[in-house]
$ cat my_file.json   # JSON, C-alpha atoms and all ligand atoms
[["chain", "number", "residue", "atom", "x", "y", "z"],
["A", 1, "MET", "CA", -91.43, 71.70, -34.70],
["A", 2, "THR", "CA", -88.06, 69.98, -34.33],
["A", 3, "SER", "CA", -86.71, 69.00, -30.94],
["A", 4, "PRO", "CA", -83.74, 70.93, -29.53],
["A", 5, "ILE", "CA", -80.23, 69.49, -29.68],
["A", 6, "LEU", "CA", -78.91, 68.94, -26.16],
["A", 7, "VAL", "CA", -75.32, 70.11, -25.74],
["A", 8, "THR", "CA", -73.57, 69.05, -22.53],
["A", 9, "GLY", "CA", -70.52, 71.20, -21.88],
["A", 10, "GLY", "CA", -72.13, 73.94, -23.97],
["A", 11, "THR", "CA", -70.60, 76.52, -21.61],
["A", 12, "GLY", "CA", -67.01, 75.24, -22.06],
["A", 13, "THR", "CA", -64.27, 76.14, -24.55],
["A", 14, "LEU", "CA", -65.52, 73.75, -27.21],
["A", 15, "GLY", "CA", -69.22, 74.11, -26.40],
["A", 16, "ARG", "CA", -69.15, 77.91, -26.71],
["A", 17, "LEU", "CA", -67.83, 77.44, -30.26],
["A", 18, "ALA", "CA", -70.21, 74.59, -31.23],
["A", 19, "VAL", "CA", -73.48, 76.10, -29.96],
["A", 20, "PRO", "CA", -73.51, 79.13, -32.34],
["A", 21, "LEU", "CA", -72.71, 76.83, -35.28],
["A", 22, "LEU", "CA", -75.75, 74.68, -34.44],
["A", 23, "ARG", "CA", -77.84, 77.85, -34.17],
["A", 24, "ASP", "CA", -76.50, 79.09, -37.55],
["A", 25, "ALA", "CA", -77.57, 75.75, -39.04],
["A", 26, "GLY", "CA", -81.13, 76.51, -37.86],
["A", 27, "HIS", "CA", -81.36, 74.28, -34.76],
["A", 28, "ASP", "CA", -82.71, 75.06, -31.33],
["A", 29, "VAL", "CA", -80.18, 74.23, -28.65],
["A", 30, "ARG", "CA", -80.54, 73.19, -25.03],
["A", 31, "VAL", "CA", -77.40, 73.57, -22.93],
["A", 32, "LEU", "CA", -76.85, 71.50, -19.78],
["A", 33, "SER", "CA", -74.67, 73.18, -17.18],
["A", 34, "ARG", "CA", -74.12, 73.00, -13.42],
["A", 35, "GLY", "CA", -74.63, 76.78, -13.27],
["A", 36, "HIS", "CA", -77.63, 78.99, -13.97],
["A", 37, "HIS", "CA", -77.68, 80.89, -17.25],
["A", 38, "GLN", "CA", -80.21, 83.17, -18.93],
["A", 39, "PRO", "CA", -81.94, 81.78, -22.04],
["A", 40, "GLY", "CA", -81.73, 83.70, -25.29],
["A", 41, "ASN", "CA", -81.38, 83.53, -29.06],
["A", 42, "GLY", "CA", -82.83, 80.03, -29.41],
["A", 43, "ILE", "CA", -80.70, 78.67, -26.57],
["A", 44, "GLU", "CA", -82.41, 77.12, -23.57],
["A", 45, "HIS", "CA", -80.35, 76.48, -20.43],
["A", 46, "VAL", "CA", -81.04, 73.63, -18.04],
["A", 47, "THR", "CA", -79.26, 73.00, -14.76],
["A", 48, "GLY", "CA", -77.89, 69.58, -13.97],
["A", 49, "ASP", "CA", -74.81, 67.67, -12.90],
["A", 50, "LEU", "CA", -73.69, 64.69, -14.93],
["A", 51, "LEU", "CA", -71.59, 63.35, -12.07],
["A", 52, "THR", "CA", -74.45, 63.13, -9.57],
["A", 53, "GLY", "CA", -77.09, 62.58, -12.26],
["A", 54, "ALA", "CA", -79.21, 65.47, -10.90],
["A", 55, "GLY", "CA", -81.31, 67.11, -13.62],
["A", 56, "VAL", "CA", -79.95, 64.87, -16.39],
["A", 57, "GLU", "CA", -83.17, 63.02, -17.12],
["A", 58, "SER", "CA", -85.18, 66.22, -17.60],
["A", 59, "ALA", "CA", -82.33, 67.73, -19.69],
["A", 60, "VAL", "CA", -82.50, 64.82, -22.12],
["A", 61, "ALA", "CA", -86.32, 64.58, -22.22],
["A", 62, "GLY", "CA", -87.74, 65.57, -25.60],
["A", 63, "THR", "CA", -84.39, 65.59, -27.45],
["A", 64, "GLU", "CA", -83.38, 63.30, -30.29],
["A", 65, "THR", "CA", -79.77, 64.39, -30.63],
["A", 66, "VAL", "CA", -77.21, 64.89, -27.87],
["A", 67, "LEU", "CA", -73.76, 66.43, -28.37],
["A", 68, "HIS", "CA", -71.80, 65.39, -25.27],
["A", 69, "LEU", "CA", -68.89, 67.76, -24.69],
["A", 70, "ALA", "CA", -68.90, 68.03, -20.89],
["A", 71, "GLY", "CA", -65.66, 66.87, -19.37],
["A", 72, "GLY", "CA", -63.31, 67.42, -16.49],
["A", 73, "PRO", "CA", -60.03, 66.17, -15.06],
["A", 74, "LYS", "CA", -61.76, 63.04, -13.73],
["A", 75, "GLY", "CA", -65.11, 61.24, -13.72],
["A", 76, "ASP", "CA", -65.92, 61.48, -17.45],
["A", 77, "ASP", "CA", -66.70, 57.74, -17.40],
["A", 78, "GLU", "CA", -69.25, 58.06, -14.59],
["A", 79, "ALA", "CA", -70.72, 61.28, -16.03],
["A", 80, "THR", "CA", -71.11, 59.60, -19.42],
["A", 81, "ARG", "CA", -72.74, 56.51, -17.93],
["A", 82, "ASN", "CA", -75.31, 58.77, -16.24],
["A", 83, "LEU", "CA", -75.98, 60.54, -19.53],
["A", 84, "VAL", "CA", -76.26, 57.25, -21.44],
["A", 85, "ARG", "CA", -78.82, 55.91, -18.96],
["A", 86, "ALA", "CA", -81.00, 59.01, -19.37],
["A", 87, "ALA", "CA", -80.53, 59.06, -23.16],
["A", 88, "SER", "CA", -81.56, 55.39, -23.42],
["A", 89, "ARG", "CA", -84.74, 56.04, -21.46],
["A", 90, "ALA", "CA", -85.51, 59.03, -23.71],
["A", 91, "GLU", "CA", -84.79, 56.93, -26.85],
["A", 92, "VAL", "CA", -82.28, 59.45, -28.17],
["A", 93, "ARG", "CA", -81.51, 58.84, -31.85],
["A", 94, "HIS", "CA", -77.94, 60.17, -32.04],
["A", 95, "LEU", "CA", -75.37, 60.60, -29.27],
["A", 96, "VAL", "CA", -72.17, 62.38, -30.35],
["A", 97, "TYR", "CA", -69.06, 62.33, -28.14],
["A", 98, "ILE", "CA", -65.69, 64.08, -28.09],
["A", 99, "SER", "CA", -62.77, 62.00, -26.89],
["A", 100, "VAL", "CA", -59.01, 62.36, -27.04],
["A", 101, "ILE", "CA", -56.48, 60.83, -29.46],
["A", 102, "GLY", "CA", -54.56, 58.12, -27.63],
["A", 103, "ALA", "CA", -57.43, 57.29, -25.24],
["A", 104, "ASP", "CA", -56.94, 53.65, -26.24],
["A", 105, "ARG", "CA", -53.12, 53.73, -26.26],
["A", 106, "VAL", "CA", -51.69, 56.00, -23.55],
["A", 107, "PRO", "CA", -51.97, 54.50, -20.04],
["A", 108, "LEU", "CA", -53.00, 57.54, -17.98],
["A", 109, "SER", "CA", -56.03, 57.50, -15.70],
["A", 110, "TRP", "CA", -57.81, 60.48, -17.30],
["A", 111, "LEU", "CA", -57.43, 58.88, -20.73],
["A", 112, "ARG", "CA", -58.67, 55.59, -19.30],
["A", 113, "SER", "CA", -61.80, 57.40, -18.16],
["A", 114, "LYS", "CA", -62.26, 58.86, -21.68],
["A", 115, "LEU", "CA", -61.94, 55.34, -23.10],
["A", 116, "ASP", "CA", -64.47, 53.99, -20.59],
["A", 117, "ALA", "CA", -66.82, 56.84, -21.56],
["A", 118, "GLU", "CA", -66.38, 55.91, -25.24],
["A", 119, "ARG", "CA", -67.20, 52.30, -24.40],
["A", 120, "ALA", "CA", -70.30, 53.24, -22.39],
["A", 121, "ILE", "CA", -71.58, 55.01, -25.50],
["A", 122, "ALA", "CA", -70.61, 52.30, -27.97],
["A", 123, "ASP", "CA", -72.21, 49.61, -25.78],
["A", 124, "SER", "CA", -75.36, 51.62, -25.06],
["A", 125, "GLY", "CA", -77.40, 50.36, -27.99],
["A", 126, "LEU", "CA", -77.97, 54.01, -28.95],
["A", 127, "PRO", "CA", -76.89, 55.24, -32.39],
["A", 128, "TRP", "CA", -73.59, 57.09, -31.81],
["A", 129, "THR", "CA", -70.64, 58.99, -33.24],
["A", 130, "THR", "CA", -67.31, 59.52, -31.44],
["A", 131, "LEU", "CA", -64.55, 61.85, -32.57],
["A", 132, "ARG", "CA", -61.11, 61.74, -30.95],
["A", 133, "ALA", "CA", -59.27, 65.06, -31.12],
["A", 134, "ALA", "CA", -55.76, 66.20, -30.27],
["A", 135, "GLN", "CA", -54.97, 68.81, -27.57],
["A", 136, "PHE", "CA", -56.45, 72.20, -28.33],
["A", 137, "HIS", "CA", -54.11, 75.14, -29.00],
["A", 138, "GLY", "CA", -55.53, 76.92, -25.95],
["A", 139, "LEU", "CA", -54.47, 74.08, -23.67],
["A", 140, "VAL", "CA", -50.93, 74.10, -25.10],
["A", 141, "LEU", "CA", -50.80, 77.88, -24.64],
["A", 142, "THR", "CA", -51.78, 77.52, -20.96],
["A", 143, "MET", "CA", -49.04, 74.88, -20.56],
["A", 144, "MET", "CA", -46.46, 77.17, -22.18],
["A", 145, "GLN", "CA", -47.51, 80.17, -20.07],
["A", 146, "LYS", "CA", -47.02, 78.11, -16.90],
["A", 147, "MET", "CA", -43.69, 76.67, -18.05],
["A", 148, "ALA", "CA", -42.37, 80.10, -19.06],
["A", 149, "LYS", "CA", -42.86, 81.33, -15.47],
["A", 150, "LEU", "CA", -40.08, 78.94, -14.40],
["A", 151, "PRO", "CA", -36.47, 80.11, -14.65],
["A", 152, "VAL", "CA", -35.67, 77.01, -16.76],
["A", 153, "ILE", "CA", -38.23, 75.32, -19.01],
["A", 154, "PRO", "CA", -38.33, 71.53, -18.54],
["A", 155, "VAL", "CA", -38.68, 69.80, -21.92],
["A", 156, "PRO", "CA", -39.82, 66.16, -21.79],
["A", 157, "GLY", "CA", -37.60, 64.33, -24.29],
["A", 158, "GLY", "CA", -39.43, 62.64, -27.17],
["A", 159, "LEU", "CA", -42.82, 64.18, -26.31],
["A", 160, "ARG", "CA", -44.52, 65.50, -29.42],
["A", 161, "LEU", "CA", -47.91, 67.13, -29.81],
["A", 162, "GLN", "CA", -50.12, 67.78, -32.81],
["A", 163, "PRO", "CA", -52.29, 70.58, -31.42],
["A", 164, "VAL", "CA", -55.55, 71.42, -33.12],
["A", 165, "ASP", "CA", -57.67, 74.54, -33.11],
["A", 166, "ALA", "CA", -60.85, 74.20, -31.03],
["A", 167, "ARG", "CA", -62.74, 76.04, -33.83],
["A", 168, "ASP", "CA", -61.81, 73.28, -36.28],
["A", 169, "VAL", "CA", -62.96, 70.65, -33.76],
["A", 170, "ALA", "CA", -66.26, 72.46, -33.11],
["A", 171, "ALA", "CA", -66.97, 72.72, -36.85],
["A", 172, "ARG", "CA", -66.26, 69.00, -37.39],
["A", 173, "LEU", "CA", -68.43, 68.00, -34.42],
["A", 174, "VAL", "CA", -71.34, 70.06, -35.70],
["A", 175, "GLU", "CA", -71.07, 68.39, -39.13],
["A", 176, "LEU", "CA", -71.06, 64.99, -37.41],
["A", 177, "THR", "CA", -73.98, 65.92, -35.14],
["A", 178, "LEU", "CA", -76.14, 66.92, -38.09],
["A", 179, "ASP", "CA", -75.19, 63.82, -40.09],
["A", 180, "LYS", "CA", -76.11, 60.17, -39.55],
["A", 181, "PRO", "CA", -74.56, 58.21, -36.63],
["A", 182, "ALA", "CA", -71.14, 57.06, -37.85],
["A", 183, "GLY", "CA", -69.48, 55.20, -34.94],
["A", 184, "LEU", "CA", -65.78, 55.96, -34.36],
["A", 185, "VAL", "CA", -64.77, 58.45, -37.07],
["A", 186, "PRO", "CA", -61.21, 59.38, -38.16],
["A", 187, "ASP", "CA", -59.25, 61.35, -35.55],
["A", 188, "LEU", "CA", -58.94, 65.11, -35.86],
["A", 189, "ALA", "CA", -55.49, 66.54, -35.17],
["A", 190, "GLY", "CA", -53.68, 69.74, -36.05],
["A", 191, "PRO", "CA", -51.83, 70.19, -39.34],
["A", 192, "ARG", "CA", -48.30, 69.72, -37.86],
["A", 193, "VAL", "CA", -46.44, 67.66, -35.28],
["A", 194, "TYR", "CA", -44.17, 69.64, -32.92],
["A", 195, "GLY", "CA", -41.59, 68.66, -30.36],
["A", 196, "MET", "CA", -42.05, 70.31, -26.96],
["A", 197, "ALA", "CA", -38.92, 72.44, -27.42],
["A", 198, "GLU", "CA", -40.27, 73.72, -30.73],
["A", 199, "LEU", "CA", -43.63, 74.63, -29.15],
["A", 200, "ALA", "CA", -41.84, 76.42, -26.31],
["A", 201, "ARG", "CA", -39.50, 78.27, -28.71],
["A", 202, "GLY", "CA", -42.52, 79.40, -30.79],
["A", 203, "TYR", "CA", -44.23, 80.71, -27.66],
["A", 204, "LEU", "CA", -41.12, 82.48, -26.32],
["A", 205, "ARG", "CA", -40.44, 84.07, -29.73],
["A", 206, "ALA", "CA", -44.02, 85.34, -29.99],
["A", 207, "ARG", "CA", -43.76, 86.83, -26.47],
["A", 208, "GLY", "CA", -40.29, 88.27, -27.08],
["A", 209, "LYS", "CA", -38.92, 86.22, -24.15],
["A", 210, "ARG", "CA", -35.87, 84.01, -23.67],
["A", 211, "ARG", "CA", -35.54, 81.06, -21.31],
["A", 212, "PRO", "CA", -33.03, 78.24, -21.04],
["A", 213, "MET", "CA", -34.50, 74.75, -21.57],
["A", 214, "MET", "CA", -33.60, 71.56, -19.78],
["A", 215, "PRO", "CA", -34.39, 68.08, -21.12],
["A", 216, "VAL", "CA", -36.30, 65.85, -18.67],
["A", 217, "ARG", "CA", -37.34, 62.23, -19.00],
["A", 218, "MET", "CA", -41.00, 61.19, -18.73],
["A", 219, "PRO", "CA", -41.12, 58.14, -16.49],
["A", 220, "GLY", "CA", -43.14, 54.93, -16.73],
["A", 221, "LYS", "CA", -45.41, 53.33, -19.27],
["A", 222, "ALA", "CA", -47.13, 56.61, -20.11],
["A", 223, "GLY", "CA", -43.71, 58.15, -20.90],
["A", 224, "ARG", "CA", -42.94, 55.22, -23.20],
["A", 225, "ALA", "CA", -46.31, 55.58, -24.96],
["A", 226, "TYR", "CA", -45.76, 59.31, -25.52],
["A", 227, "ARG", "CA", -42.21, 58.76, -26.80],
["A", 228, "ALA", "CA", -43.65, 56.19, -29.22],
["A", 229, "GLY", "CA", -46.06, 58.85, -30.52],
["A", 230, "GLU", "CA", -49.22, 57.06, -29.32],
["A", 231, "ASN", "CA", -50.88, 60.47, -28.82],
["A", 232, "LEU", "CA", -50.34, 61.40, -32.47],
["A", 233, "THR", "CA", -52.32, 60.66, -35.57],
["A", 234, "LEU", "CA", -50.07, 60.41, -38.56],
["A", 235, "ASP", "CA", -52.09, 58.35, -41.02],
["A", 236, "GLY", "CA", -55.67, 58.53, -42.16],
["A", 237, "ALA", "CA", -56.66, 61.39, -39.87],
["A", 238, "ASP", "CA", -58.46, 64.60, -40.62],
["A", 239, "LEU", "CA", -56.24, 67.61, -40.07],
["A", 240, "GLY", "CA", -57.45, 70.96, -38.80],
["A", 241, "ALA", "CA", -56.66, 74.02, -40.90],
["A", 242, "ARG", "CA", -55.25, 76.40, -38.30],
["A", 243, "THR", "CA", -51.66, 76.01, -37.12],
["A", 244, "TRP", "CA", -50.10, 76.70, -33.72],
["A", 245, "GLU", "CA", -48.28, 79.68, -35.28],
["A", 246, "ASP", "CA", -51.62, 81.13, -36.57],
["A", 247, "PHE", "CA", -53.13, 80.70, -33.11],
["A", 248, "LEU", "CA", -50.17, 82.30, -31.33],
["A", 249, "ALA", "CA", -50.19, 85.27, -33.71],
["A", 250, "GLU", "CA", -53.91, 85.83, -32.97],
["A", 251, "GLN", "CA", -53.68, 85.36, -29.22],
["A", 252, "LEU", "CA", -50.51, 87.30, -28.58],
["A", 253, "ARG", "CA", -51.18, 90.16, -31.01],
["A", 254, "PRO", "CA", -50.20, 93.35, -29.14],
["A", 255, "ALA", "CA", -53.24, 95.31, -27.90],
["A", 256, "ARG", "CA", -53.72, 98.58, -29.86],
["B", 301, "LIG", "N1", -59.05, 70.82, -24.12],
["B", 301, "LIG", "C1", -58.47, 69.93, -24.93],
["B", 301, "LIG", "O1", -57.31, 70.07, -25.34],
["B", 301, "LIG", "C2", -59.27, 68.71, -25.40],
["B", 301, "LIG", "C3", -58.74, 67.90, -26.40],
["B", 301, "LIG", "C4", -59.50, 66.79, -26.86],
["B", 301, "LIG", "C5", -60.74, 66.53, -26.28],
["B", 301, "LIG", "N2", -61.19, 67.34, -25.28],
["B", 301, "LIG", "C6", -62.51, 67.04, -24.68],
["B", 301, "LIG", "O2", -63.42, 68.05, -25.11],
["B", 301, "LIG", "C7", -64.41, 68.23, -24.11],
["B", 301, "LIG", "C8", -64.57, 69.72, -23.86],
["B", 301, "LIG", "O3", -63.34, 70.26, -23.46],
["B", 301, "LIG", "P1", -63.23, 71.82, -23.11],
["B", 301, "LIG", "O4", -61.77, 72.16, -23.18],
["B", 301, "LIG", "O5", -64.23, 72.60, -23.89],
["B", 301, "LIG", "O6", -63.66, 71.78, -21.57],
["B", 301, "LIG", "P2", -63.88, 73.01, -20.59],
["B", 301, "LIG", "O7", -63.66, 74.33, -21.24],
["B", 301, "LIG", "O8", -63.09, 72.69, -19.35],
["B", 301, "LIG", "O9", -65.42, 72.91, -20.22],
["B", 301, "LIG", "C9", -65.93, 71.83, -19.51],
["B", 301, "LIG", "C10", -67.43, 71.79, -19.71],
["B", 301, "LIG", "O10", -67.95, 70.62, -19.09],
["B", 301, "LIG", "C11", -69.03, 70.98, -18.26],
["B", 301, "LIG", "N3", -69.04, 70.09, -17.10],
["B", 301, "LIG", "C12", -67.96, 69.68, -16.37],
["B", 301, "LIG", "N4", -68.37, 68.86, -15.38],
["B", 301, "LIG", "C13", -69.72, 68.74, -15.51],
["B", 301, "LIG", "C14", -70.70, 68.02, -14.78],
["B", 301, "LIG", "N5", -70.39, 67.25, -13.71],
["B", 301, "LIG", "N6", -72.01, 68.13, -15.16],
["B", 301, "LIG", "C15", -72.34, 68.91, -16.21],
["B", 301, "LIG", "N7", -71.45, 69.61, -16.96],
["B", 301, "LIG", "C16", -70.16, 69.53, -16.60],
["B", 301, "LIG", "C17", -68.78, 72.43, -17.85],
["B", 301, "LIG", "O11", -70.02, 73.05, -17.60],
["B", 301, "LIG", "P3", -70.36, 73.96, -16.31],
["B", 301, "LIG", "O12", -69.04, 74.35, -15.68],
["B", 301, "LIG", "O13", -71.12, 75.13, -16.89],
["B", 301, "LIG", "O14", -71.20, 73.09, -15.45],
["B", 301, "LIG", "C18", -68.15, 73.00, -19.12],
["B", 301, "LIG", "O15", -69.15, 73.41, -20.03],
["B", 301, "LIG", "C19", -63.97, 67.39, -22.90],
["B", 301, "LIG", "O16", -64.69, 66.18, -22.91],
["B", 301, "LIG", "C20", -62.51, 67.12, -23.16],
["B", 301, "LIG", "O17", -62.07, 65.89, -22.60],
["B", 301, "LIG", "C21", -60.52, 68.43, -24.84]]
$ encode --input "my_file.json" --output "structure tokens" --more "lines below"
Ligand SMILES: NC(=O)c1ccc[n+]([C@@H]2O[C@H](COP(=O)([O-])OP(=O)(O)OC[C@H]3O[C@@H](n4cnc5c(N)ncnc54)[C@H](OP(=O)(O)O)[C@@H]3O)[C@@H](O)[C@H]2O)c1
Amino acid sequence: MTSPILVTGGTGTLGRLAVPLLRDAGHDVRVLSRGHHQPGNGIEHVTGDLLTGAGVESAVAGTETVLHLAGGPKGDDEATRNLVRAASRAEVRHLVYISVIGADRVPLSWLRSKLDAERAIADSGLPWTTLRAAQFHGLVLTMMQKMAKLPVIPVPGGLRLQPVDARDVAARLVELTLDKPAGLVPDLAGPRVYGMAELARGYLRARGKRRPMMPVRMPGKAGRAYRAGENLTLDGADLGARTWEDFLAEQLRPAR
């Protein structure tokens, strides 16, 4: 009998895509979540909270591979340190982590906490793999939906994004999880780089809406880093297959 693969964040956007791929590859899966869920179809659910550490030790017990996808607006560093402690005690043989492109280059506190989480894993002595991905299409769509509610859309000058489809990220992470520990692997971004105005125009066109746009300036060091493209991966990266336009066409297809 093989041990189950523990997936933290298995109930989130990325986790809900990765878990079935692990099941299709023939693996039992244990999902750690703060909520209660019914087991089924080779998926065991355990309750725990990575931020307080409650339930984490028993979630990790008996697993050799951990796919760590849990994340939130803050505290990913602390949550990851708690997971690493439990994984070290359980002598986990492969810890796989999802981070964000630019974690090491854009000075924002949530990216700093992703970088600290990466470091906790790299310094743990456990065999590890970390993938940095770009923003998911779904996140960009949520941003656009919020911005389009305003009478005028603010467009931060020089900000570009290279959004990637969460399905492409999930597939890559599952490949990495089932392979040998590889350290920091090439970034995964979407197939094209877009300016914010272009993303907004694509969204408005797909929704049949019109809005005036107004350029705004992103302040501070983070603004400078974004204008310099530190959140982008232009060389040597893996590129997802699905474009922003493909995603919009799927999501905004009129209901029949
Ligand atoms: N979204 C993006 O554009 C993007 C881009 C690059 C990388 N990432 C990274 O990818 C990961 C997954 O993102 P996502 O968009 O799938 O996130 P999501 O949909 O917001 O889901 C977050 C997941 O984390 C779990 N979680 C949060 N706090 C937890 C805690 N204290 N203890 C245990 N579980 C906790 C949640 O589980 P419960 O609520 O069930 O407890 C949920 O499954 C994150 O690490 C994120 O930084 C995201």
$ residues_around --input "my_file.json" --residues "Thr142 in chain A" --least-positions-apart "6" --cutoff "12 Å" --atoms "all atoms listed in the file" --output "number ranges by chain"
A: 135-136, 148-149, 199-200, 203, 248, 251
$ closest_atom_pairs --input "my_file.json" --of "chain A" --to "ligand LIG 301 (chain B)" --cutoff "9 Å" --atoms "only C-alpha atoms and all ligand atoms" --output "Markdown table"
| residue | atom | partner | partner_atom | distance |
| --- | --- | --- | --- | --- |
| A:Thr8 | CA | B:LIG301 | N7 | 6.0 |
| A:Gly9 | CA | B:LIG301 | O15 | 3.2 |
| A:Gly10 | CA | B:LIG301 | O15 | 5.0 |
| A:Thr11 | CA | B:LIG301 | O15 | 3.8 |
| A:Gly12 | CA | B:LIG301 | O9 | 3.4 |
| A:Thr13 | CA | B:LIG301 | O5 | 3.6 |
| A:Leu14 | CA | B:LIG301 | O5 | 3.7 |
| A:Gly15 | CA | B:LIG301 | O5 | 5.8 |
| A:Arg16 | CA | B:LIG301 | O5 | 7.8 |
| A:Leu17 | CA | B:LIG301 | O5 | 8.8 |
| A:Val31 | CA | B:LIG301 | O15 | 8.7 |
| A:Leu32 | CA | B:LIG301 | C15 | 6.3 |
| A:Ser33 | CA | B:LIG301 | O14 | 3.9 |
| A:Arg34 | CA | B:LIG301 | O14 | 3.6 |
| A:Gly35 | CA | B:LIG301 | O13 | 5.3 |
| A:His36 | CA | B:LIG301 | O13 | 8.1 |
| A:His37 | CA | B:LIG301 | O13 | 8.7 |
| A:Thr47 | CA | B:LIG301 | O14 | 8.1 |
| A:Gly48 | CA | B:LIG301 | C15 | 6.0 |
| A:Asp49 | CA | B:LIG301 | N6 | 3.6 |
| A:Leu50 | CA | B:LIG301 | N6 | 3.8 |
| A:Leu51 | CA | B:LIG301 | N5 | 4.4 |
| A:Thr52 | CA | B:LIG301 | N5 | 7.1 |
| A:Gly53 | CA | B:LIG301 | N6 | 8.1 |
| A:Ala54 | CA | B:LIG301 | N6 | 8.8 |
| A:Val56 | CA | B:LIG301 | C15 | 8.6 |
| A:His68 | CA | B:LIG301 | O16 | 7.5 |
| A:Leu69 | CA | B:LIG301 | C7 | 4.5 |
| A:Ala70 | CA | B:LIG301 | O10 | 3.3 |
| A:Gly71 | CA | B:LIG301 | O16 | 3.7 |
| A:Gly72 | CA | B:LIG301 | C12 | 5.2 |
| A:Pro73 | CA | B:LIG301 | O17 | 7.8 |
| A:Lys74 | CA | B:LIG301 | N4 | 9.0 |
| A:Gly75 | CA | B:LIG301 | N5 | 8.0 |
| A:Asp76 | CA | B:LIG301 | O16 | 7.3 |
| A:Ala79 | CA | B:LIG301 | N5 | 6.4 |
| A:Tyr97 | CA | B:LIG301 | O16 | 7.8 |
| A:Ile98 | CA | B:LIG301 | O2 | 5.5 |
| A:Ser99 | CA | B:LIG301 | C5 | 5.0 |
| A:Val100 | CA | B:LIG301 | C4 | 4.5 |
| A:Ile101 | CA | B:LIG301 | C4 | 7.2 |
| A:Trp110 | CA | B:LIG301 | O17 | 8.7 |
| A:Leu111 | CA | B:LIG301 | O17 | 8.6 |
| A:Lys114 | CA | B:LIG301 | O17 | 7.1 |
| A:Leu131 | CA | B:LIG301 | C5 | 8.7 |
| A:Arg132 | CA | B:LIG301 | C4 | 6.7 |
| A:Ala133 | CA | B:LIG301 | C4 | 4.6 |
| A:Ala134 | CA | B:LIG301 | C4 | 5.1 |
| A:Gln135 | CA | B:LIG301 | O1 | 3.5 |
| A:Phe136 | CA | B:LIG301 | O1 | 3.8 |
| A:His137 | CA | B:LIG301 | O1 | 7.0 |
| A:Gly138 | CA | B:LIG301 | O1 | 7.1 |
| A:Leu139 | CA | B:LIG301 | O1 | 5.2 |
| A:Val140 | CA | B:LIG301 | O1 | 7.6 |
| A:Pro163 | CA | B:LIG301 | O1 | 7.9 |
| A:Val164 | CA | B:LIG301 | O1 | 8.1 |
| A:Asp165 | CA | B:LIG301 | O1 | 9.0 |
| A:Ala166 | CA | B:LIG301 | C1 | 7.8 |
| A:Val169 | CA | B:LIG301 | C4 | 8.6 |
$ residues_around --input "my_file.json" --residues "Leu150 in chain A" --least-positions-apart "4" --cutoff "12 Å" --atoms "all atoms listed in the file" --output "PDB file with C-alpha atoms, in the frame of the given file"
ATOM      1  CA  MET A 143     -49.040  74.880 -20.560  1.00  0.00           C
ATOM      2  CA  MET A 144     -46.460  77.170 -22.180  1.00  0.00           C
ATOM      3  CA  GLN A 145     -47.510  80.170 -20.070  1.00  0.00           C
ATOM      4  CA  LYS A 146     -47.020  78.110 -16.900  1.00  0.00           C
ATOM      5  CA  PRO A 154     -38.330  71.530 -18.540  1.00  0.00           C
ATOM      6  CA  VAL A 155     -38.680  69.800 -21.920  1.00  0.00           C
ATOM      7  CA  ARG A 210     -35.870  84.010 -23.670  1.00  0.00           C
ATOM      8  CA  ARG A 211     -35.540  81.060 -21.310  1.00  0.00           C
ATOM      9  CA  PRO A 212     -33.030  78.240 -21.040  1.00  0.00           C
ATOM     10  CA  MET A 213     -34.500  74.750 -21.570  1.00  0.00           C
ATOM     11  CA  MET A 214     -33.600  71.560 -19.780  1.00  0.00           C
TER      12      MET A 214
END
$ closest_residue --input "my_file.json" --among "A:Thr80, A:Ser124, A:Thr233, A:Thr177" --to "Gly102 in chain A" --atoms "only C-alpha atoms"
A:Thr233
$ atom_distance --input "my_file.json" --atom1 "CA of Gly157 in chain A" --atom2 "CA of Ala222 in chain A"
13.0 Å
$ atom_distance --input "my_file.json" --atom1 "CA of Pro191 in chain A" --atom2 "CA of Gly240 in chain A"
5.7 Å
$ atom_distance --input "my_file.json" --atom1 "CA of Val66 in chain A" --atom2 "CA of Leu239 in chain A"
24.4 Å
$ closest_residue --input "my_file.json" --among "A:Leu108, A:Ile43, A:Ala206, A:Val185" --to "Pro219 in chain A" --atoms "only C-alpha atoms"
A:Leu108
$ residues_around --input "my_file.json" --residues "Pro4 in chain A" --least-positions-apart "6" --cutoff "6 Å" --atoms "all atoms listed in the file" --output "PyMOL selection string"
chain A and resi 28-30+63
$ residues_around --input "my_file.json" --residues "Gly42 in chain A" --least-positions-apart "2" --cutoff "12 Å" --atoms "all atoms listed in the file" --output "list of chain:residue names"
A:Ser3, A:Pro4, A:Ile5, A:Val19, A:Pro20, A:Leu22, A:Arg23, A:Asp24, A:Ala25, A:Gly26, A:His27, A:Asp28, A:Val29, A:Arg30, A:Val31, A:Gln38, A:Pro39, A:Gly40, A:Glu44, A:His45
$ axis_aligned_box --input "my_file.json" --around "range 235-245 of chain A" --padding-each-side "6 Å" --output "JSON"
{"center_x": -53.4, "center_y": 69.0, "center_z": -37.9, "size_x": 22.2, "size_y": 33.3, "size_z": 20.4}
